[in-house]
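Coordinates as given in work14.cif (mmCIF, C-alpha atoms and all ligand atoms):
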```
data_target
#
loop_
_atom_site.label_atom_id
_atom_site.label_comp_id
_atom_site.auth_asym_id
_atom_site.auth_seq_id
_atom_site.Cartn_x
_atom_site.Cartn_y
_atom_site.Cartn_z
CA MET H 29 -7.00 -15.43 -6.58
CA ASN H 30 -4.45 -12.61 -6.61
CA LEU H 31 -4.16 -9.18 -5.04
CA VAL H 32 -2.79 -7.05 -7.85
CA ASN H 33 -5.21 -4.17 -7.23
CA ILE H 34 -7.22 -3.60 -4.08
CA ASP H 35 -10.44 -3.78 -6.11
CA ASP H 36 -9.56 -7.31 -7.25
CA LEU H 37 -11.31 -8.12 -3.96
CA ARG H 38 -15.06 -7.94 -3.69
CA VAL H 39 -16.26 -5.62 -0.94
CA THR H 40 -17.25 -8.64 1.16
CA ASP H 41 -13.78 -10.15 0.59
CA LEU H 42 -12.11 -6.96 1.75
CA GLU H 43 -14.25 -6.92 4.89
CA ALA H 44 -13.42 -10.59 5.51
CA VAL H 45 -9.67 -9.93 5.15
CA LEU H 46 -9.87 -6.96 7.55
CA ASP H 47 -11.87 -9.00 10.06
CA ARG H 48 -9.38 -11.84 9.87
CA ALA H 49 -6.49 -9.37 10.26
CA ALA H 50 -8.11 -7.96 13.40
CA ASP H 51 -8.66 -11.46 14.78
CA LEU H 52 -5.05 -12.49 14.14
CA LYS H 53 -3.84 -9.23 15.68
CA ALA H 54 -5.94 -9.86 18.79
CA ALA H 55 -4.87 -13.51 19.03
CA GLY H 56 -1.17 -12.67 18.77
CA PRO H 57 1.01 -15.76 19.25
CA GLY H 58 -2.14 -17.74 20.10
CA ALA H 59 -3.11 -17.77 16.42
CA GLY H 60 -1.37 -21.13 15.91
CA GLU H 61 0.46 -21.96 12.70
CA PRO H 62 -2.11 -21.73 9.90
CA LEU H 63 0.62 -21.44 7.23
CA ALA H 64 2.86 -24.26 8.51
CA ASN H 65 5.03 -25.60 5.67
CA ARG H 66 3.94 -22.77 3.36
CA THR H 67 6.50 -20.55 1.64
CA LEU H 68 6.17 -16.98 0.42
CA ALA H 69 8.58 -15.90 -2.33
CA MET H 70 9.25 -12.16 -2.01
CA ILE H 71 10.53 -10.46 -5.18
CA PHE H 72 11.89 -6.92 -4.80
CA GLU H 73 12.98 -4.67 -7.67
CA LYS H 74 12.96 -1.66 -5.29
CA PRO H 75 14.07 -1.18 -1.67
CA SER H 76 11.73 -1.79 1.26
CA THR H 77 11.71 -1.77 5.03
CA ARG H 78 8.09 -2.33 6.05
CA THR H 79 6.97 -4.58 3.20
CA ARG H 80 9.91 -6.91 3.52
CA VAL H 81 9.96 -7.12 7.30
CA SER H 82 6.20 -7.32 7.75
CA PHE H 83 5.76 -10.13 5.22
CA GLU H 84 8.77 -12.06 6.50
CA THR H 85 7.90 -11.79 10.20
CA GLY H 86 4.26 -12.43 9.37
CA MET H 87 5.12 -15.70 7.68
CA THR H 88 7.25 -16.69 10.69
CA GLN H 89 4.37 -15.93 13.06
CA LEU H 90 2.00 -18.01 10.95
CA GLY H 91 4.34 -21.00 10.98
CA GLY H 92 5.58 -20.59 7.39
CA HIS H 93 8.70 -19.27 5.73
CA ALA H 94 9.59 -16.38 3.43
CA VAL H 95 12.35 -16.24 0.80
CA PHE H 96 13.79 -12.81 0.01
CA LEU H 97 14.71 -12.28 -3.65
CA GLY H 98 16.31 -8.88 -4.22
CA PRO H 99 17.07 -7.25 -7.57
CA ASP H 100 20.49 -8.89 -7.81
CA ASP H 101 19.29 -12.32 -6.68
CA ILE H 102 17.07 -13.50 -9.50
CA HIS H 103 16.74 -13.16 -13.25
CA LEU H 104 13.40 -11.32 -13.26
CA GLY H 105 13.28 -8.91 -16.18
CA HIS H 106 16.99 -9.22 -16.97
CA GLY H 107 17.93 -12.63 -18.25
CA GLU H 108 14.54 -14.28 -17.86
CA PRO H 109 11.08 -13.09 -18.86
CA VAL H 110 8.65 -12.30 -16.06
CA ARG H 111 6.35 -15.11 -17.21
CA ASP H 112 9.09 -17.72 -16.83
CA THR H 113 9.93 -16.51 -13.33
CA ALA H 114 6.23 -16.75 -12.46
CA ARG H 115 5.93 -20.34 -13.64
CA ALA H 116 9.18 -21.56 -12.09
CA VAL H 117 8.69 -19.91 -8.69
CA SER H 118 5.12 -21.26 -8.57
CA ARG H 119 6.56 -24.78 -8.58
CA TYR H 120 8.29 -24.08 -5.24
CA ALA H 121 6.44 -21.38 -3.36
CA ASP H 122 2.83 -21.23 -2.16
CA PHE H 123 2.54 -17.46 -2.66
CA ILE H 124 4.49 -14.81 -4.58
CA MET H 125 4.70 -11.24 -3.35
CA ALA H 126 6.41 -8.79 -5.68
CA ARG H 127 7.47 -5.14 -5.58
CA VAL H 128 8.18 -4.05 -9.15
CA PHE H 129 8.34 -0.83 -11.16
CA ASP H 130 5.92 -1.52 -14.02
CA HIS H 131 2.41 -2.46 -13.04
CA SER H 132 2.27 -4.58 -16.20
CA ASP H 133 4.99 -6.81 -14.70
CA ILE H 134 2.87 -7.75 -11.68
CA GLU H 135 -0.04 -8.36 -14.05
CA GLU H 136 2.17 -10.71 -16.06
CA LEU H 137 3.37 -12.46 -12.90
CA ALA H 138 -0.25 -12.96 -11.84
CA ALA H 139 -1.27 -14.18 -15.30
CA TYR H 140 1.41 -16.87 -15.42
CA ALA H 141 1.84 -17.87 -11.77
CA THR H 142 -0.17 -20.83 -10.54
CA VAL H 143 -0.10 -19.61 -6.92
CA PRO H 144 -1.56 -16.36 -5.51
CA VAL H 145 0.38 -13.22 -6.46
CA VAL H 146 0.32 -10.25 -4.10
CA ASN H 147 1.33 -6.76 -5.18
CA GLY H 148 3.91 -5.35 -2.76
CA LEU H 149 3.91 -2.00 -4.63
CA THR H 150 4.16 -0.96 -8.25
CA ASP H 151 4.45 2.48 -9.79
CA SER H 152 0.66 2.76 -9.79
CA ALA H 153 -0.69 0.71 -6.87
CA HIS H 154 0.05 -0.39 -3.30
CA PRO H 155 -2.91 -2.52 -2.20
CA CYS H 156 -1.22 -4.06 0.87
CA GLN H 157 -0.68 -0.55 2.21
CA THR H 158 -4.39 0.10 1.71
CA LEU H 159 -5.31 -3.00 3.72
CA ALA H 160 -3.19 -1.68 6.61
CA ASP H 161 -4.57 1.83 6.20
CA LEU H 162 -8.16 0.65 6.32
CA LEU H 163 -7.44 -1.51 9.37
CA THR H 164 -5.93 1.57 11.05
CA VAL H 165 -8.83 3.83 10.09
CA ARG H 166 -11.32 1.24 11.35
CA GLU H 167 -9.46 0.97 14.68
CA ARG H 168 -8.90 4.69 15.15
CA PHE H 169 -11.88 6.60 13.80
CA GLY H 170 -14.08 4.36 11.67
CA PHE H 171 -15.21 4.36 8.05
CA ASP H 172 -17.95 6.94 8.65
CA SER H 173 -15.28 9.60 8.24
CA ARG H 174 -13.47 11.72 5.68
CA VAL H 175 -9.73 11.56 4.99
CA ALA H 176 -7.98 14.41 3.19
CA TRP H 177 -5.17 13.25 0.93
CA VAL H 178 -2.67 16.11 0.56
CA GLY H 179 0.16 15.65 -1.95
CA ASP H 180 0.90 13.34 -4.85
CA GLY H 181 -1.87 11.28 -6.44
CA ASN H 182 0.58 8.38 -6.49
CA ASN H 183 0.48 4.60 -6.09
CA VAL H 184 -0.42 4.75 -2.38
CA CYS H 185 -3.07 7.38 -3.02
CA GLN H 186 -4.65 5.48 -5.91
CA SER H 187 -5.05 2.27 -3.97
CA PHE H 188 -6.30 4.17 -0.92
CA VAL H 189 -8.94 5.98 -3.01
CA LEU H 190 -10.20 2.64 -4.33
CA GLY H 191 -10.13 0.88 -0.96
CA ALA H 192 -11.88 3.81 0.68
CA ALA H 193 -14.57 3.73 -2.00
CA MET H 194 -15.11 0.04 -1.28
CA VAL H 195 -15.76 0.57 2.43
CA GLY H 196 -17.65 3.87 2.13
CA LEU H 197 -14.86 6.00 3.60
CA ASP H 198 -14.90 9.51 2.10
CA VAL H 199 -11.74 11.01 0.60
CA THR H 200 -10.94 14.56 -0.43
CA LEU H 201 -7.93 15.05 -2.68
CA ALA H 202 -5.62 18.05 -2.75
CA THR H 203 -3.05 17.35 -5.45
CA PRO H 204 -1.11 19.84 -7.59
CA GLU H 205 -2.07 20.32 -11.22
CA GLY H 206 -0.75 17.39 -13.23
CA TYR H 207 -0.21 15.13 -10.21
CA GLY H 208 -3.73 13.88 -9.53
CA VAL H 209 -4.94 10.28 -9.56
CA ASP H 210 -5.42 8.67 -12.95
CA ASP H 211 -8.83 9.22 -14.53
CA ALA H 212 -9.27 5.45 -14.68
CA VAL H 213 -8.87 5.20 -10.89
CA PHE H 214 -11.38 7.98 -10.40
CA GLU H 215 -13.82 6.11 -12.64
CA ARG H 216 -13.27 2.83 -10.77
CA ALA H 217 -13.95 4.60 -7.47
CA ALA H 218 -17.08 6.13 -8.99
CA ALA H 219 -18.21 2.68 -10.15
CA LEU H 220 -17.74 1.50 -6.55
CA GLY H 221 -20.16 4.25 -5.55
CA ASN H 222 -17.86 6.64 -3.70
CA PRO H 223 -15.46 8.68 -5.86
CA PRO H 224 -13.12 11.12 -4.10
CA GLU H 225 -13.88 14.82 -3.99
CA ARG H 226 -11.35 17.22 -5.41
CA ALA H 227 -10.47 20.28 -3.32
CA ALA H 228 -8.94 23.54 -4.49
CA GLY H 229 -5.95 23.13 -2.17
CA PRO H 230 -4.71 21.66 1.11
CA GLU H 231 -6.66 24.05 3.40
CA ALA H 232 -9.91 23.38 1.57
CA ALA H 233 -9.25 19.63 1.64
CA VAL H 234 -8.68 19.41 5.39
CA ALA H 235 -11.52 21.78 6.33
CA ASP H 236 -14.11 19.04 6.84
CA ALA H 237 -11.71 16.10 7.13
CA ASP H 238 -11.33 13.82 10.15
CA ALA H 239 -7.76 12.82 9.24
CA VAL H 240 -4.98 13.85 6.86
CA TYR H 241 -2.91 11.44 4.74
CA THR H 242 0.24 12.27 2.82
CA ASP H 243 3.10 10.43 1.12
CA VAL H 244 6.43 11.38 -0.43
CA TRP H 245 6.46 13.75 -3.39
CA VAL H 246 9.30 11.85 -5.07
CA SER H 247 8.53 8.16 -5.20
CA MET H 248 11.07 5.42 -5.82
CA GLY H 249 12.11 5.56 -9.47
CA GLN H 250 11.19 9.26 -9.86
CA GLU H 251 14.53 10.66 -8.70
CA ASP H 252 15.09 12.38 -12.07
CA GLU H 253 11.86 14.37 -11.57
CA ARG H 254 12.89 15.58 -8.12
CA GLU H 255 13.50 19.30 -8.81
CA GLU H 256 10.39 19.62 -10.97
CA LYS H 257 8.24 17.89 -8.37
CA LEU H 258 9.58 19.90 -5.44
CA ARG H 259 8.54 23.06 -7.32
CA ALA H 260 5.12 21.68 -8.20
CA PHE H 261 4.37 20.63 -4.61
CA GLU H 262 5.21 23.96 -2.98
CA GLY H 263 2.40 24.78 -0.52
CA PHE H 264 1.36 21.12 -0.15
CA GLN H 265 3.46 20.32 2.93
CA VAL H 266 1.55 18.89 5.89
CA THR H 267 2.43 21.07 8.88
CA THR H 268 1.08 21.04 12.43
CA ASP H 269 -0.97 24.12 11.48
CA LEU H 270 -2.63 22.36 8.56
CA LEU H 271 -3.13 19.20 10.60
CA GLY H 272 -4.72 20.84 13.65
CA ASP H 273 -5.90 18.07 15.97
CA ARG H 274 -6.56 15.57 13.18
CA PRO H 275 -4.79 12.20 12.98
CA LEU H 276 -1.87 12.16 10.53
CA MET H 277 -1.48 9.18 8.22
CA HIS H 278 1.64 8.39 6.18
CA CYS H 279 2.61 5.06 4.63
CA LEU H 280 6.32 5.77 5.34
CA PRO H 281 9.13 6.19 4.61
CA ALA H 282 8.67 9.95 5.08
CA HIS H 283 10.83 12.70 3.64
CA ARG H 284 10.72 15.11 6.58
CA GLY H 285 10.87 18.72 5.47
CA GLU H 286 9.24 17.86 2.13
CA GLU H 287 5.68 16.45 2.26
CA VAL H 288 5.52 16.57 6.08
CA THR H 289 7.28 18.53 8.80
CA ASP H 290 9.31 16.78 11.46
CA ASP H 291 7.10 18.12 14.26
CA ALA H 292 3.90 16.90 12.57
CA LEU H 293 5.33 13.42 12.15
CA GLU H 294 6.64 13.37 15.73
CA SER H 295 3.37 14.69 17.16
CA ASP H 296 0.85 12.59 19.05
CA ASN H 297 -1.48 13.04 16.08
CA ALA H 298 0.63 10.68 13.96
CA VAL H 299 -0.88 7.20 13.57
CA VAL H 300 1.90 6.18 11.21
CA TRP H 301 3.38 3.54 13.51
CA ASP H 302 -0.01 1.85 13.79
CA GLN H 303 -0.20 1.87 9.99
CA ALA H 304 3.26 0.30 9.84
CA GLU H 305 2.40 -2.38 12.41
CA ASN H 306 -0.90 -3.08 10.70
CA ARG H 307 0.92 -3.95 7.48
CA MET H 308 1.84 -7.25 9.13
CA HIS H 309 -1.60 -7.99 10.59
CA ALA H 310 -3.38 -7.03 7.38
CA GLN H 311 -1.09 -9.21 5.28
CA ASN H 312 -1.40 -12.09 7.74
CA GLY H 313 -5.15 -11.78 7.27
CA LEU H 314 -4.72 -11.69 3.50
CA LEU H 315 -2.33 -14.65 3.24
CA THR H 316 -4.39 -16.94 5.46
CA TRP H 317 -7.50 -15.93 3.53
CA LEU H 318 -5.77 -16.59 0.18
CA ALA H 319 -4.43 -19.94 1.42
CA GLU H 320 -7.96 -21.17 1.90
CA ARG H 321 -8.79 -20.25 -1.70
CA SER H 322 -5.81 -21.74 -3.54
N1 LIG U 401 5.04 1.64 3.23
C1 LIG U 401 5.91 0.80 2.64
O1 LIG U 401 5.58 0.05 1.73
O2 LIG U 401 7.16 0.87 3.15
P1 LIG U 401 8.46 0.16 2.59
O3 LIG U 401 8.85 0.86 1.32
O4 LIG U 401 9.49 0.35 3.68
O5 LIG U 401 8.16 -1.28 2.35
N1 LIG U 402 4.96 6.40 -3.06
C1 LIG U 402 6.09 5.75 -2.43
C2 LIG U 402 5.61 4.74 -1.46
C3 LIG U 402 6.68 3.98 -0.73
C4 LIG U 402 6.12 2.95 0.20
C5 LIG U 402 6.98 5.14 -3.49
O1 LIG U 402 6.45 4.53 -4.43
O2 LIG U 402 8.19 5.27 -3.39
#
```
Give the structure from this file in structure tokens form.
Amino acid sequence: MNLVNIDDLRVTDLEAVLDRAADLKAAGPGAGEPLANRTLAMIFEKPSTRTRVSFETGMTQLGGHAVFLGPDDIHLGHGEPVRDTARAVSRYADFIMARVFDHSDIEELAAYATVPVVNGLTDSAHPCQTLADLLTVRERFGFDSRVAWVGDGNNVCQSFVLGAAMVGLDVTLATPEGYGVDDAVFERAAALGNPPERAAGPEAAVADADAVYTDVWVSMGQEDEREEKLRAFEGFQVTTDLLGDRPLMHCLPAHRGEEVTDDALESDNAVVWDQAENRMHAQNGLLTWLAERS
């Protein structure tokens, strides 16, 4: 069992992972060492603060160990095919988590690894972020709500749309022309019974929303598109005016002054630090759940 896309999980699996995450969060250090002697290999082609630290500290808390493999540390993609890395690392580690550019690379890792592979972000998906987001939504305002996504229909957005569809959380999208979620993601959300609504713009999107979610306009690897994207996203900034008294979600890191203003992010409405903390609890829930199935 792998977590390449959030909808690799069945709805009941997703609920079980969230429940387990909440239990581990509540238990704190009393959770024991369910992953004693287990090792997580963490492959990073891109930088990370939250993903790296949350997985590594999570493994420590669960009694296991994590190995950090940065872009200059291993042969992945340059010097050794992805499939060979998958097979070799599987002979040592009990899980592989990878943050890569091409989604097809995590698919290849998962196809050839003989241990669970967890997607730590690709150019088109970020399912671990969605687990943390759903845990946060469940804690803060519940799934019987509507979240307005304002900004880029990017990797974080696509996984959130799918995860939300799985739990019955409503999503309204306000994305500039040409920067919406992929049609295939929309269709998968529709097949899950709860596709997102599309709004004419940010104001329309937030009008009946209970919370607002945004992410950077220029994702890692898109630096060459920066000027073009900044022009396209004019008018899509989340300000305190747009936010009103709604909770503000952001996966972080934030580019203050671009997709979100400094005062909005610093306001009491921001639940972004809960989202960041919940990365660790959600992933602890996921890894312990996966360990029982491998
Ligand atoms: N949200 C998230 O994945 O953050 P990092 O890039 O710091 O890991
Ligand atoms: N969309 C952002 C998310 C970072 C966690 C990126 O891919 O850079």
message = Neighbouring residues of Thr267 in chain H were defined as those with any atom within 12 Å, considering only C-alpha atoms; residues of the same chain fewer than 3 positions away were excluded. Please report them as a PyMOL selection string.
response = chain H and resi 178+230-231+234+240-242+263-264+270-274+276+284-295+297-298
Test item: residues lying within 7 Å of ligand LIG 401 (chain U) with only C-alpha atoms and all ligand atoms, as a PyMOL selection string:
chain H and resi 75-80+149+157+279-281+304
**Near-ligand residues for ligand LIG 402 (chain U), threshold 10 Å, all atoms listed in the file, as a PyMOL selection string** = chain H and resi 74-79+127-129+148-154+157+180-185+242-251+278-282
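Counting only C-alpha atoms and comparing H:Asp161, H:Glu305, H:Glu43, H:Asp112, the residue that lies closest to Ala139 in chain H is H:Asp112.
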- Item | Protein, DNA and RNA residues within 12 Å of (9.1, -9.8, 1.3), all atoms listed in the file, as an MDAnalysis selection string | chainID H and resid 67:88 93:98 123:128 146:149 156 307:308 311
Write the selection just made, keeping C-alpha atoms, as a PDB file, in the coordinates of the input?
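Result saved to result-v3.pdb:
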```pdb
ATOM      1  CA  THR H  67       6.500 -20.550   1.640  1.00  0.00           C
ATOM      2  CA  LEU H  68       6.170 -16.980   0.420  1.00  0.00           C
ATOM      3  CA  ALA H  69       8.580 -15.900  -2.330  1.00  0.00           C
ATOM      4  CA  MET H  70       9.250 -12.160  -2.010  1.00  0.00           C
ATOM      5  CA  ILE H  71      10.530 -10.460  -5.180  1.00  0.00           C
ATOM      6  CA  PHE H  72      11.890  -6.920  -4.800  1.00  0.00           C
ATOM      7  CA  GLU H  73      12.980  -4.670  -7.670  1.00  0.00           C
ATOM      8  CA  LYS H  74      12.960  -1.660  -5.290  1.00  0.00           C
ATOM      9  CA  PRO H  75      14.070  -1.180  -1.670  1.00  0.00           C
ATOM     10  CA  SER H  76      11.730  -1.790   1.260  1.00  0.00           C
ATOM     11  CA  THR H  77      11.710  -1.770   5.030  1.00  0.00           C
ATOM     12  CA  ARG H  78       8.090  -2.330   6.050  1.00  0.00           C
ATOM     13  CA  THR H  79       6.970  -4.580   3.200  1.00  0.00           C
ATOM     14  CA  ARG H  80       9.910  -6.910   3.520  1.00  0.00           C
ATOM     15  CA  VAL H  81       9.960  -7.120   7.300  1.00  0.00           C
ATOM     16  CA  SER H  82       6.200  -7.320   7.750  1.00  0.00           C
ATOM     17  CA  PHE H  83       5.760 -10.130   5.220  1.00  0.00           C
ATOM     18  CA  GLU H  84       8.770 -12.060   6.500  1.00  0.00           C
ATOM     19  CA  THR H  85       7.900 -11.790  10.200  1.00  0.00           C
ATOM     20  CA  GLY H  86       4.260 -12.430   9.370  1.00  0.00           C
ATOM     21  CA  MET H  87       5.120 -15.700   7.680  1.00  0.00           C
ATOM     22  CA  THR H  88       7.250 -16.690  10.690  1.00  0.00           C
ATOM     23  CA  HIS H  93       8.700 -19.270   5.730  1.00  0.00           C
ATOM     24  CA  ALA H  94       9.590 -16.380   3.430  1.00  0.00           C
ATOM     25  CA  VAL H  95      12.350 -16.240   0.800  1.00  0.00           C
ATOM     26  CA  PHE H  96      13.790 -12.810   0.010  1.00  0.00           C
ATOM     27  CA  LEU H  97      14.710 -12.280  -3.650  1.00  0.00           C
ATOM     28  CA  GLY H  98      16.310  -8.880  -4.220  1.00  0.00           C
ATOM     29  CA  PHE H 123       2.540 -17.460  -2.660  1.00  0.00           C
ATOM     30  CA  ILE H 124       4.490 -14.810  -4.580  1.00  0.00           C
ATOM     31  CA  MET H 125       4.700 -11.240  -3.350  1.00  0.00           C
ATOM     32  CA  ALA H 126       6.410  -8.790  -5.680  1.00  0.00           C
ATOM     33  CA  ARG H 127       7.470  -5.140  -5.580  1.00  0.00           C
ATOM     34  CA  VAL H 128       8.180  -4.050  -9.150  1.00  0.00           C
ATOM     35  CA  VAL H 146       0.320 -10.250  -4.100  1.00  0.00           C
ATOM     36  CA  ASN H 147       1.330  -6.760  -5.180  1.00  0.00           C
ATOM     37  CA  GLY H 148       3.910  -5.350  -2.760  1.00  0.00           C
ATOM     38  CA  LEU H 149       3.910  -2.000  -4.630  1.00  0.00           C
ATOM     39  CA  CYS H 156      -1.220  -4.060   0.870  1.00  0.00           C
ATOM     40  CA  ARG H 307       0.920  -3.950   7.480  1.00  0.00           C
ATOM     41  CA  MET H 308       1.840  -7.250   9.130  1.00  0.00           C
ATOM     42  CA  GLN H 311      -1.090  -9.210   5.280  1.00  0.00           C
TER      43      GLN H 311
END
```
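Distances from H:Ala44, H:Leu162, H:Val110, H:Ala212 to Gly191 in chain H were compared using all atoms listed in the file, and the smallest one belongs to H:Leu162.
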